[in-house]
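Undergrad: Contents of protein_6.pdb (PDB, C-alpha atoms):
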ATOM      1  CA  MET M 219      46.381 -21.289  24.814
ATOM      2  CA  MET M 220      45.203 -24.041  22.554
ATOM      3  CA  VAL M 221      46.888 -27.357  22.187
ATOM      4  CA  PRO M 222      49.419 -26.855  19.396
ATOM      5  CA  VAL M 223      49.436 -30.442  18.159
ATOM      6  CA  LEU M 224      45.674 -30.451  17.692
ATOM      7  CA  LEU M 225      45.237 -31.514  14.110
ATOM      8  CA  ALA M 226      41.638 -30.670  13.318
ATOM      9  CA  ALA M 227      39.740 -27.529  14.236
ATOM     10  CA  SER M 228      37.240 -25.219  12.692
ATOM     11  CA  GLU M 229      38.421 -22.641  10.151
ATOM     12  CA  VAL M 230      41.411 -24.824   9.402
ATOM     13  CA  ASN M 231      41.891 -27.100   6.414
ATOM     14  CA  VAL M 232      41.563 -30.536   8.022
ATOM     15  CA  ALA M 233      43.024 -32.517   5.130
ATOM     16  CA  LEU M 234      46.125 -30.315   5.102
ATOM     17  CA  ASN M 235      46.601 -30.818   8.831
ATOM     18  CA  VAL M 236      46.116 -34.586   8.641
ATOM     19  CA  ALA M 237      48.651 -34.832   5.802
ATOM     20  CA  PHE M 238      51.042 -32.700   7.816
ATOM     21  CA  GLY M 239      50.618 -34.904  10.896
ATOM     22  CA  VAL M 240      51.191 -38.178   9.060
ATOM     23  CA  LEU M 241      54.276 -36.808   7.310
ATOM     24  CA  ALA M 242      55.590 -35.312  10.551
ATOM     25  CA  VAL M 243      55.319 -38.618  12.429
ATOM     26  CA  VAL M 244      57.092 -40.492   9.626
ATOM     27  CA  MET M 245      59.834 -37.850   9.411
ATOM     28  CA  ILE M 246      60.496 -37.707  13.145
ATOM     29  CA  GLY M 247      60.657 -41.495  13.390
ATOM     30  CA  ALA M 248      63.012 -41.744  10.432
ATOM     31  CA  ALA M 249      65.198 -38.938  11.820
ATOM     32  CA  LEU M 250      65.457 -40.803  15.140
ATOM     33  CA  PHE M 251      66.573 -43.901  13.234
ATOM     34  CA  VAL M 252      69.195 -41.806  11.385
ATOM     35  CA  VAL M 253      70.861 -40.789  14.647
ATOM     36  CA  THR M 254      70.464 -44.125  16.475
ATOM     37  CA  THR M 255      70.908 -46.948  13.961
ATOM     38  CA  LYS M 256      73.983 -49.175  14.154
ATOM     39  CA  ASN M 257      74.363 -49.471  10.387
ATOM     40  CA  VAL M 258      75.743 -46.544   8.401
ATOM     41  CA  VAL M 259      74.055 -47.547   5.142
ATOM     42  CA  HIS M 260      70.707 -47.862   6.929
ATOM     43  CA  ALA M 261      71.233 -44.366   8.346
ATOM     44  CA  ALA M 262      71.657 -43.039   4.797
ATOM     45  CA  LEU M 263      68.472 -44.793   3.670
ATOM     46  CA  TRP M 264      66.487 -43.431   6.638
ATOM     47  CA  LEU M 265      67.825 -39.998   5.729
ATOM     48  CA  VAL M 266      66.295 -40.462   2.261
ATOM     49  CA  ILE M 267      62.896 -40.872   3.950
ATOM     50  CA  VAL M 268      63.392 -37.721   6.014
ATOM     51  CA  LEU M 269      64.436 -35.694   2.974
ATOM     52  CA  SER M 270      61.549 -36.981   0.836
ATOM     53  CA  GLY M 271      59.105 -36.180   3.626
ATOM     54  CA  MET M 272      60.630 -32.716   3.786
ATOM     55  CA  ALA M 273      59.956 -32.272   0.062
ATOM     56  CA  ALA M 274      56.324 -33.246   0.673
ATOM     57  CA  GLN M 275      56.130 -30.704   3.486
ATOM     58  CA  TYR M 276      57.428 -28.053   1.098
ATOM     59  CA  LEU M 277      54.558 -28.958  -1.234
ATOM     60  CA  LEU M 278      52.124 -28.490   1.667
ATOM     61  CA  ALA M 279      53.718 -25.077   2.232
ATOM     62  CA  ALA M 280      52.969 -24.190  -1.415
ATOM     63  CA  ALA M 281      56.634 -24.139  -2.383
ATOM     64  CA  GLU M 282      56.687 -26.328  -5.489
ATOM     65  CA  PHE M 283      59.990 -25.091  -6.863
ATOM     66  CA  VAL M 284      61.817 -25.605  -3.579
ATOM     67  CA  ALA M 285      60.271 -29.083  -3.280
ATOM     68  CA  VAL M 286      61.500 -30.088  -6.727
ATOM     69  CA  SER M 287      64.935 -28.641  -5.953
ATOM     70  CA  GLN M 288      64.960 -30.619  -2.713
ATOM     71  CA  VAL M 289      64.249 -33.873  -4.550
ATOM     72  CA  LEU M 290      66.808 -33.155  -7.273
ATOM     73  CA  VAL M 291      69.623 -31.930  -5.037
ATOM     74  CA  TYR M 292      69.163 -33.912  -1.814
ATOM     75  CA  VAL M 293      67.477 -37.177  -2.766
ATOM     76  CA  GLY M 294      69.264 -37.268  -6.103
ATOM     77  CA  ALA M 295      72.755 -35.879  -5.655
ATOM     78  CA  VAL M 296      73.579 -35.572  -1.964
ATOM     79  CA  MET M 297      72.412 -39.079  -1.086
ATOM     80  CA  VAL M 298      74.529 -40.576  -3.876
ATOM     81  CA  LEU M 299      77.485 -38.618  -2.493
ATOM     82  CA  PHE M 300      76.744 -39.963   0.989
ATOM     83  CA  LEU M 301      76.491 -43.548  -0.217
ATOM     84  CA  PHE M 302      79.766 -43.196  -2.132
ATOM     85  CA  GLY M 303      81.381 -41.679   0.960
ATOM     86  CA  ILE M 304      80.177 -44.586   3.088
ATOM     87  CA  MET M 305      81.291 -47.225   0.607
ATOM     88  CA  LEU M 306      84.719 -45.618   0.150
ATOM     89  CA  THR M 307      85.483 -45.163   3.844
ATOM     90  CA  ARG M 308      84.540 -48.417   5.480
ATOM     91  CA  ALA M 309      85.659 -51.971   5.175
ATOM     92  CA  GLN M 310      82.783 -54.103   6.399
ATOM     93  CA  ILE M 311      79.119 -54.140   5.416
ATOM     94  CA  GLY M 312      76.673 -54.555   8.288
ATOM     95  CA  ALA M 313      76.289 -53.384  11.850
ATOM     96  CA  GLU M 314      79.176 -51.645  13.596
ATOM     97  CA  GLY M 315      79.549 -51.380  17.328
ATOM     98  CA  ASN M 316      81.524 -48.172  17.744
ATOM     99  CA  LEU M 317      79.522 -45.547  15.863
ATOM    100  CA  ASN M 318      78.873 -43.439  18.976
ATOM    101  CA  ASN M 319      81.166 -41.342  21.111
ATOM    102  CA  PRO M 320      81.942 -42.528  24.650
ATOM    103  CA  GLY M 321      80.058 -39.489  25.957
ATOM    104  CA  TRP M 322      77.080 -39.861  23.625
ATOM    105  CA  ALA M 323      74.528 -39.700  26.462
ATOM    106  CA  LEU M 324      75.399 -36.011  26.932
ATOM    107  CA  GLY M 325      73.550 -35.333  23.686
ATOM    108  CA  ILE M 326      70.163 -36.323  25.130
ATOM    109  CA  PRO M 327      69.884 -33.597  27.820
ATOM    110  CA  VAL M 328      71.347 -31.001  25.459
ATOM    111  CA  ALA M 329      68.816 -31.827  22.739
ATOM    112  CA  LEU M 330      65.896 -31.969  25.194
ATOM    113  CA  LEU M 331      66.870 -28.628  26.765
ATOM    114  CA  LEU M 332      67.157 -27.033  23.333
ATOM    115  CA  LEU M 333      63.793 -28.488  22.320
ATOM    116  CA  GLY M 334      62.196 -27.192  25.498
ATOM    117  CA  VAL M 335      63.487 -23.654  25.034
ATOM    118  CA  MET M 336      62.650 -23.504  21.329
ATOM    119  CA  GLY M 337      59.244 -25.137  21.773
ATOM    120  CA  TRP M 338      58.328 -22.711  24.532
ATOM    121  CA  ALA M 339      59.387 -19.729  22.423
ATOM    122  CA  ILE M 340      57.508 -20.991  19.356
ATOM    123  CA  ILE M 341      54.284 -21.733  21.215
ATOM    124  CA  ASP M 342      54.535 -18.408  23.030
ATOM    125  CA  LEU M 343      54.943 -16.530  19.745
ATOM    126  CA  PHE M 344      52.655 -18.406  17.356
ATOM    127  CA  GLY M 345      50.386 -20.239  19.792
ATOM    128  CA  ASP M 346      47.022 -19.789  18.104
ATOM    129  CA  GLN M 347      47.980 -18.201  14.812
ATOM    130  CA  THR M 348      46.618 -19.924  11.723
ATOM    131  CA  ILE M 349      47.810 -19.805   8.135
ATOM    132  CA  GLU M 350      45.252 -19.130   5.443
ATOM    133  CA  GLU M 351      44.896 -21.316   2.397
ATOM    134  CA  ALA M 352      48.116 -21.050   0.455
ATOM    135  CA  PRO M 353      47.645 -19.059  -2.748
ATOM    136  CA  GLY M 354      48.371 -21.319  -5.686
ATOM    137  CA  GLY M 355      50.235 -20.731  -8.908
ATOM    138  CA  ALA M 356      52.981 -18.505 -10.310
ATOM    139  CA  SER M 357      55.286 -19.002  -7.369
ATOM    140  CA  THR M 358      58.145 -20.195  -9.586
ATOM    141  CA  GLN M 359      57.901 -17.037 -11.653
ATOM    142  CA  ALA M 360      57.892 -14.946  -8.483
ATOM    143  CA  ILE M 361      60.982 -16.791  -7.222
ATOM    144  CA  SER M 362      62.854 -16.137 -10.459
ATOM    145  CA  ASP M 363      61.856 -12.463 -10.327
ATOM    146  CA  GLN M 364      63.223 -12.254  -6.787
ATOM    147  CA  ILE M 365      66.450 -14.152  -7.500
ATOM    148  CA  LEU M 366      67.324 -12.291 -10.673
ATOM    149  CA  SER M 367      66.609  -8.747  -9.532
ATOM    150  CA  PRO M 368      66.911  -7.958  -5.786
ATOM    151  CA  TYR M 369      68.866 -11.072  -4.811
ATOM    152  CA  LEU M 370      71.195 -11.112  -7.808
ATOM    153  CA  ALA M 371      74.384 -10.428  -5.844
ATOM    154  CA  PRO M 372      73.907 -13.352  -3.407
ATOM    155  CA  PHE M 373      72.987 -15.538  -6.386
ATOM    156  CA  LEU M 374      76.310 -14.731  -8.047
ATOM    157  CA  ALA M 375      78.066 -15.308  -4.723
ATOM    158  CA  ILE M 376      76.451 -18.738  -4.432
ATOM    159  CA  THR M 377      77.690 -19.659  -7.898
ATOM    160  CA  PHE M 378      81.234 -18.873  -6.780
ATOM    161  CA  VAL M 379      80.708 -20.895  -3.595
ATOM    162  CA  LEU M 380      79.651 -23.907  -5.658
ATOM    163  CA  LEU M 381      82.585 -23.458  -8.043
ATOM    164  CA  ALA M 382      85.048 -23.183  -5.162
ATOM    165  CA  ALA M 383      83.501 -26.217  -3.456
ATOM    166  CA  ALA M 384      83.745 -28.315  -6.611
ATOM    167  CA  ILE M 385      87.371 -27.368  -7.200
ATOM    168  CA  GLY M 386      88.190 -27.830  -3.515
ATOM    169  CA  ALA M 387      86.588 -31.271  -3.418
ATOM    170  CA  ILE M 388      88.545 -32.360  -6.478
ATOM    171  CA  VAL M 389      91.813 -31.039  -5.022
ATOM    172  CA  LEU M 390      91.165 -32.695  -1.641
ATOM    173  CA  ALA M 391      90.095 -36.086  -2.994
ATOM    174  CA  ARG M 392      92.715 -36.333  -5.748
ATOM    175  CA  LYS M 393      95.373 -39.013  -5.415
ATOM    176  CA  ASP M 394      98.827 -37.688  -6.256
TER     177      ASP M 394
ATOM    178  CA  MET C 126      46.976 -24.994   9.039
ATOM    179  CA  PHE C 127      48.383 -23.824  12.322
ATOM    180  CA  ALA C 128      51.499 -21.716  12.192
ATOM    181  CA  VAL C 129      53.147 -23.709  14.989
ATOM    182  CA  ASN C 130      52.993 -26.951  12.990
ATOM    183  CA  PHE C 131      55.934 -26.190  10.754
ATOM    184  CA  PHE C 132      57.984 -24.541  13.485
ATOM    185  CA  LEU C 133      57.505 -27.331  16.024
ATOM    186  CA  LEU C 134      58.391 -30.008  13.468
ATOM    187  CA  ALA C 135      61.460 -27.991  12.479
ATOM    188  CA  ALA C 136      62.469 -27.626  16.148
ATOM    189  CA  VAL C 137      62.141 -31.374  16.748
ATOM    190  CA  LEU C 138      64.229 -32.218  13.675
ATOM    191  CA  PHE C 139      66.806 -29.584  14.644
ATOM    192  CA  CYS C 140      67.186 -31.113  18.106
ATOM    193  CA  ILE C 141      67.492 -34.627  16.676
ATOM    194  CA  GLY C 142      70.244 -33.296  14.409
ATOM    195  CA  VAL C 143      72.015 -31.640  17.342
ATOM    196  CA  TYR C 144      71.860 -34.922  19.251
ATOM    197  CA  GLY C 145      73.357 -36.703  16.240
ATOM    198  CA  VAL C 146      76.217 -34.204  15.954
ATOM    199  CA  ILE C 147      77.031 -34.621  19.650
ATOM    200  CA  ALA C 148      76.589 -38.379  19.916
ATOM    201  CA  ARG C 149      78.004 -39.728  16.680
ATOM    202  CA  ARG C 150      81.632 -40.743  16.263
ATOM    203  CA  ASN C 151      81.591 -41.596  12.568
ATOM    204  CA  ALA C 152      82.297 -38.505  10.450
ATOM    205  CA  VAL C 153      79.794 -39.446   7.720
ATOM    206  CA  LEU C 154      77.025 -39.791  10.307
ATOM    207  CA  VAL C 155      77.892 -36.351  11.705
ATOM    208  CA  LEU C 156      77.529 -34.914   8.204
ATOM    209  CA  MET C 157      74.102 -36.585   7.926
ATOM    210  CA  SER C 158      73.032 -34.962  11.196
ATOM    211  CA  VAL C 159      74.162 -31.588   9.833
ATOM    212  CA  GLU C 160      71.899 -32.223   6.843
ATOM    213  CA  LEU C 161      68.986 -32.746   9.248
ATOM    214  CA  ILE C 162      69.750 -29.381  10.872
ATOM    215  CA  LEU C 163      69.959 -27.547   7.546
ATOM    216  CA  ASN C 164      66.667 -29.062   6.377
ATOM    217  CA  SER C 165      64.850 -28.025   9.519
ATOM    218  CA  VAL C 166      66.046 -24.450   8.960
ATOM    219  CA  ASN C 167      64.642 -24.618   5.431
ATOM    220  CA  LEU C 168      61.269 -25.695   6.792
ATOM    221  CA  ASN C 169      61.329 -22.715   9.151
ATOM    222  CA  LEU C 170      62.071 -20.311   6.306
ATOM    223  CA  LEU C 171      59.195 -21.654   4.215
ATOM    224  CA  GLY C 172      56.864 -21.422   7.196
ATOM    225  CA  PHE C 173      57.770 -17.773   7.749
ATOM    226  CA  SER C 174      57.344 -17.141   4.034
ATOM    227  CA  LEU C 175      53.843 -18.642   4.230
ATOM    228  CA  ILE C 176      52.895 -16.551   7.257
ATOM    229  CA  ASN C 177      54.174 -13.282   5.836
ATOM    230  CA  GLY C 178      52.796 -13.939   2.370
ATOM    231  CA  ASN C 179      55.949 -13.097   0.436
ATOM    232  CA  ILE C 180      58.382 -15.185  -1.527
ATOM    233  CA  ASP C 181      61.725 -14.224   0.041
ATOM    234  CA  GLY C 182      61.818 -17.321   2.252
ATOM    235  CA  HIS C 183      61.775 -19.530  -0.834
ATOM    236  CA  VAL C 184      64.828 -17.707  -2.202
ATOM    237  CA  PHE C 185      66.732 -18.186   1.046
ATOM    238  CA  ALA C 186      65.715 -21.856   1.155
ATOM    239  CA  LEU C 187      67.133 -22.351  -2.331
ATOM    240  CA  TYR C 188      70.385 -20.681  -1.267
ATOM    241  CA  ILE C 189      70.573 -22.981   1.753
ATOM    242  CA  ILE C 190      70.061 -26.029  -0.478
ATOM    243  CA  ALA C 191      72.951 -24.862  -2.689
ATOM    244  CA  VAL C 192      75.249 -24.209   0.278
ATOM    245  CA  ALA C 193      74.355 -27.603   1.775
ATOM    246  CA  ALA C 194      75.287 -29.331  -1.468
ATOM    247  CA  ALA C 195      78.650 -27.547  -1.476
ATOM    248  CA  GLU C 196      79.164 -28.422   2.202
ATOM    249  CA  VAL C 197      78.511 -32.131   1.631
ATOM    250  CA  GLY C 198      80.891 -32.210  -1.321
ATOM    251  CA  VAL C 199      83.775 -30.614   0.541
ATOM    252  CA  GLY C 200      82.973 -32.475   3.775
ATOM    253  CA  LEU C 201      82.987 -35.898   2.167
ATOM    254  CA  ALA C 202      86.207 -35.073   0.293
ATOM    255  CA  MET C 203      87.801 -34.189   3.645
ATOM    256  CA  VAL C 204      86.461 -37.403   5.201
ATOM    257  CA  MET C 205      87.962 -39.409   2.345
ATOM    258  CA  LEU C 206      91.300 -37.629   2.828
ATOM    259  CA  VAL C 207      91.278 -38.439   6.546
ATOM    260  CA  TYR C 208      90.364 -42.050   5.788
ATOM    261  CA  ARG C 209      93.164 -42.367   3.267
ATOM    262  CA  ASN C 210      95.736 -41.081   5.740
ATOM    263  CA  ARG C 211      94.553 -42.898   8.875
ATOM    264  CA  ARG C 212      92.315 -45.819   7.730
ATOM    265  CA  SER C 213      89.657 -44.560  10.151
ATOM    266  CA  ILE C 214      87.084 -41.775  10.235
ATOM    267  CA  ALA C 215      86.444 -41.828  13.989
ATOM    268  CA  LEU C 216      86.328 -38.173  15.011
ATOM    269  CA  ASP C 217      87.709 -38.665  18.528
ATOM    270  CA  ASP C 218      90.929 -40.100  17.096
ATOM    271  CA  LEU C 219      91.713 -36.776  15.406
ATOM    272  CA  SER C 220      93.407 -35.188  18.397
ATOM    273  CA  GLU C 221      96.749 -33.956  17.029
ATOM    274  CA  MET C 222      95.782 -30.309  17.507
ATOM    275  CA  LYS C 223      94.779 -30.814  21.134
ATOM    276  CA  GLY C 224      96.789 -28.509  23.415
TER     277      GLY C 224
END
Represent the structure of the file as structure tokens.
TA:
Amino acid sequence: MMVPVLLAASEVNVALNVAFGVLAVVMIGAALFVVTTKNVVHAALWLVIVLSGMAAQYLLAAAEFVAVSQVLVYVGAVMVLFLFGIMLTRAQIGAEGNLNNPGWALGIPVALLLLGVMGWAIIDLFGDQTIEEAPGGASTQAISDQILSPYLAPFLAITFVLLAAAIGAIVLARKD
Amino acid sequence: MFAVNFFLLAAVLFCIGVYGVIARRNAVLVLMSVELILNSVNLNLLGFSLINGNIDGHVFALYIIAVAAAEVGVGLAMVMLVYRNRRSIALDDLSEMKG
């Protein structure tokens, strides 16, 4: 079995792999800062880096429409919601000492075990499989064709989910 | 590109998110870790879509983005409600329903 993290090899687009590797390192580092930093606002800003890197990865996966949706919804809307939530629910600005549970160390073996099992399964399944050059163009049209004909019922369901969530959030957060 | 690239990155981010959900005490930080988990699932779906050469994974990824937006809205409204009632959003203080 070949080394899965090998970035350059024959018959593989080297530039694509190098871009993937750089983005992956940045994203993993930023994600580690999200779950370890002592400052809640800094955690939100590190999360912006992870989400933007994810949008770039979507572009590498030839999913332009999903990448643009990611930037609009996550980096635009969800992060503003998070920052408002942080500002409205805490008194002091700056580092806080008690952001972790008393039993936080339990998370490390659980996460490592999960990573081991999933990594083994992934490498076992897709060990030396390569992806061909992504076909370019027309993917947005194909997505709209899929959403509006075979996946129309879940699309309508998702609209009701969003409506219910908006109304529920207003009802929950209202002062009366 | 190797097929394992996307899936290994998604697995690493998923595990970091799981660690955050377990370790964090602040409710907003737990919601951020849930966002990490949801994003890693999206990356998996797009990777499978790329391997299989069809577009269905993109559709599911868009649905997940919509559900995540709804989840953050309701979640932060609940966090604000808890904060207004207790002046604290530490999750281990919410133990009224403990048996």
Undergrad: Env of Ala237 of chain M: 12 Å cut, atoms = only C-alpha atoms, seq-sep filter 3 positions within chain, self excluded. Answer as JSON, numbers by chain.
TA: {"M": [225, 226, 231, 232, 233, 234, 240, 241, 242, 243, 244, 271, 274, 275, 277, 278, 279], "C": [126, 130]}
Undergrad: Between C:Val155, C:Ser165, C:Phe185, C:Phe127, which one has atoms that come closest to chain M, using all atoms listed in the file?
TA: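 For chain M, the nearest of the candidates is C:Phe127.
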Undergrad: Can you work out which one of C:Leu170, C:Gly182, C:Leu187, C:Val159 has the shortest atom-to-atom distance to chain M, counting only C-alpha atoms?
TA: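 Among C:Leu170, C:Gly182, C:Leu187, C:Val159, it is C:Leu187 that comes nearest to chain M.
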Undergrad: If you count only C-alpha atoms, which residues fall within 12 Å of Phe302 of chain M, apart from same-chain ones fewer than 3 positions away, as a list of chain:residue names?
TA: M:Val258, M:Val259, M:Ala262, M:Ala295, M:Val296, M:Met297, M:Val298, M:Leu299, M:Met305, M:Leu306, M:Thr307, M:Arg308, C:Val153, C:Val197, C:Gly198, C:Leu201, C:Ala202, C:Val204, C:Met205
Undergrad: Using the chain letters and numbers from the file, which residues does the PyMOL selection byres ((chain C) within 8 of (chain M)) grab, as number ranges by chain?
TA: C: 126-130, 132-134, 136-138, 140-145, 147-151, 153-154, 157-158, 161, 164, 168, 171-172, 175-176, 180-181, 183-184, 186-188, 190-192, 194-199, 201-206, 208, 212-214, 217
Undergrad: At what distance in Å, to one decimal, does atom CA of Asn169 of chain C lie from atom CA of Ala248 of chain M?
TA: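 So the two atoms, atom CA of Ala248 of chain M and atom CA of Asn169 of chain C, lie 19.1 Å apart.
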Undergrad: Using only C-alpha atoms, which of C:Gly200, C:Asn210, C:Phe173, C:Asn179 sits nearest Glu160 of chain C?
TA: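 Comparing C:Gly200, C:Asn210, C:Phe173, C:Asn179 against Glu160 of chain C, the winner is C:Gly200.
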Undergrad: Please, what distance in Å, to one decimal, runs between atom CA of Arg209 of chain C and atom CA of Ala152 of chain C?
TA: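 Computing it gives 13.6 Å between the two atoms.
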Undergrad: For a test of reading the model, state the distance in Å between atom CA of Ala135 of chain C and atom CA of Trp264 of chain M, rounded to one decimal.
TA: 17.3 Å
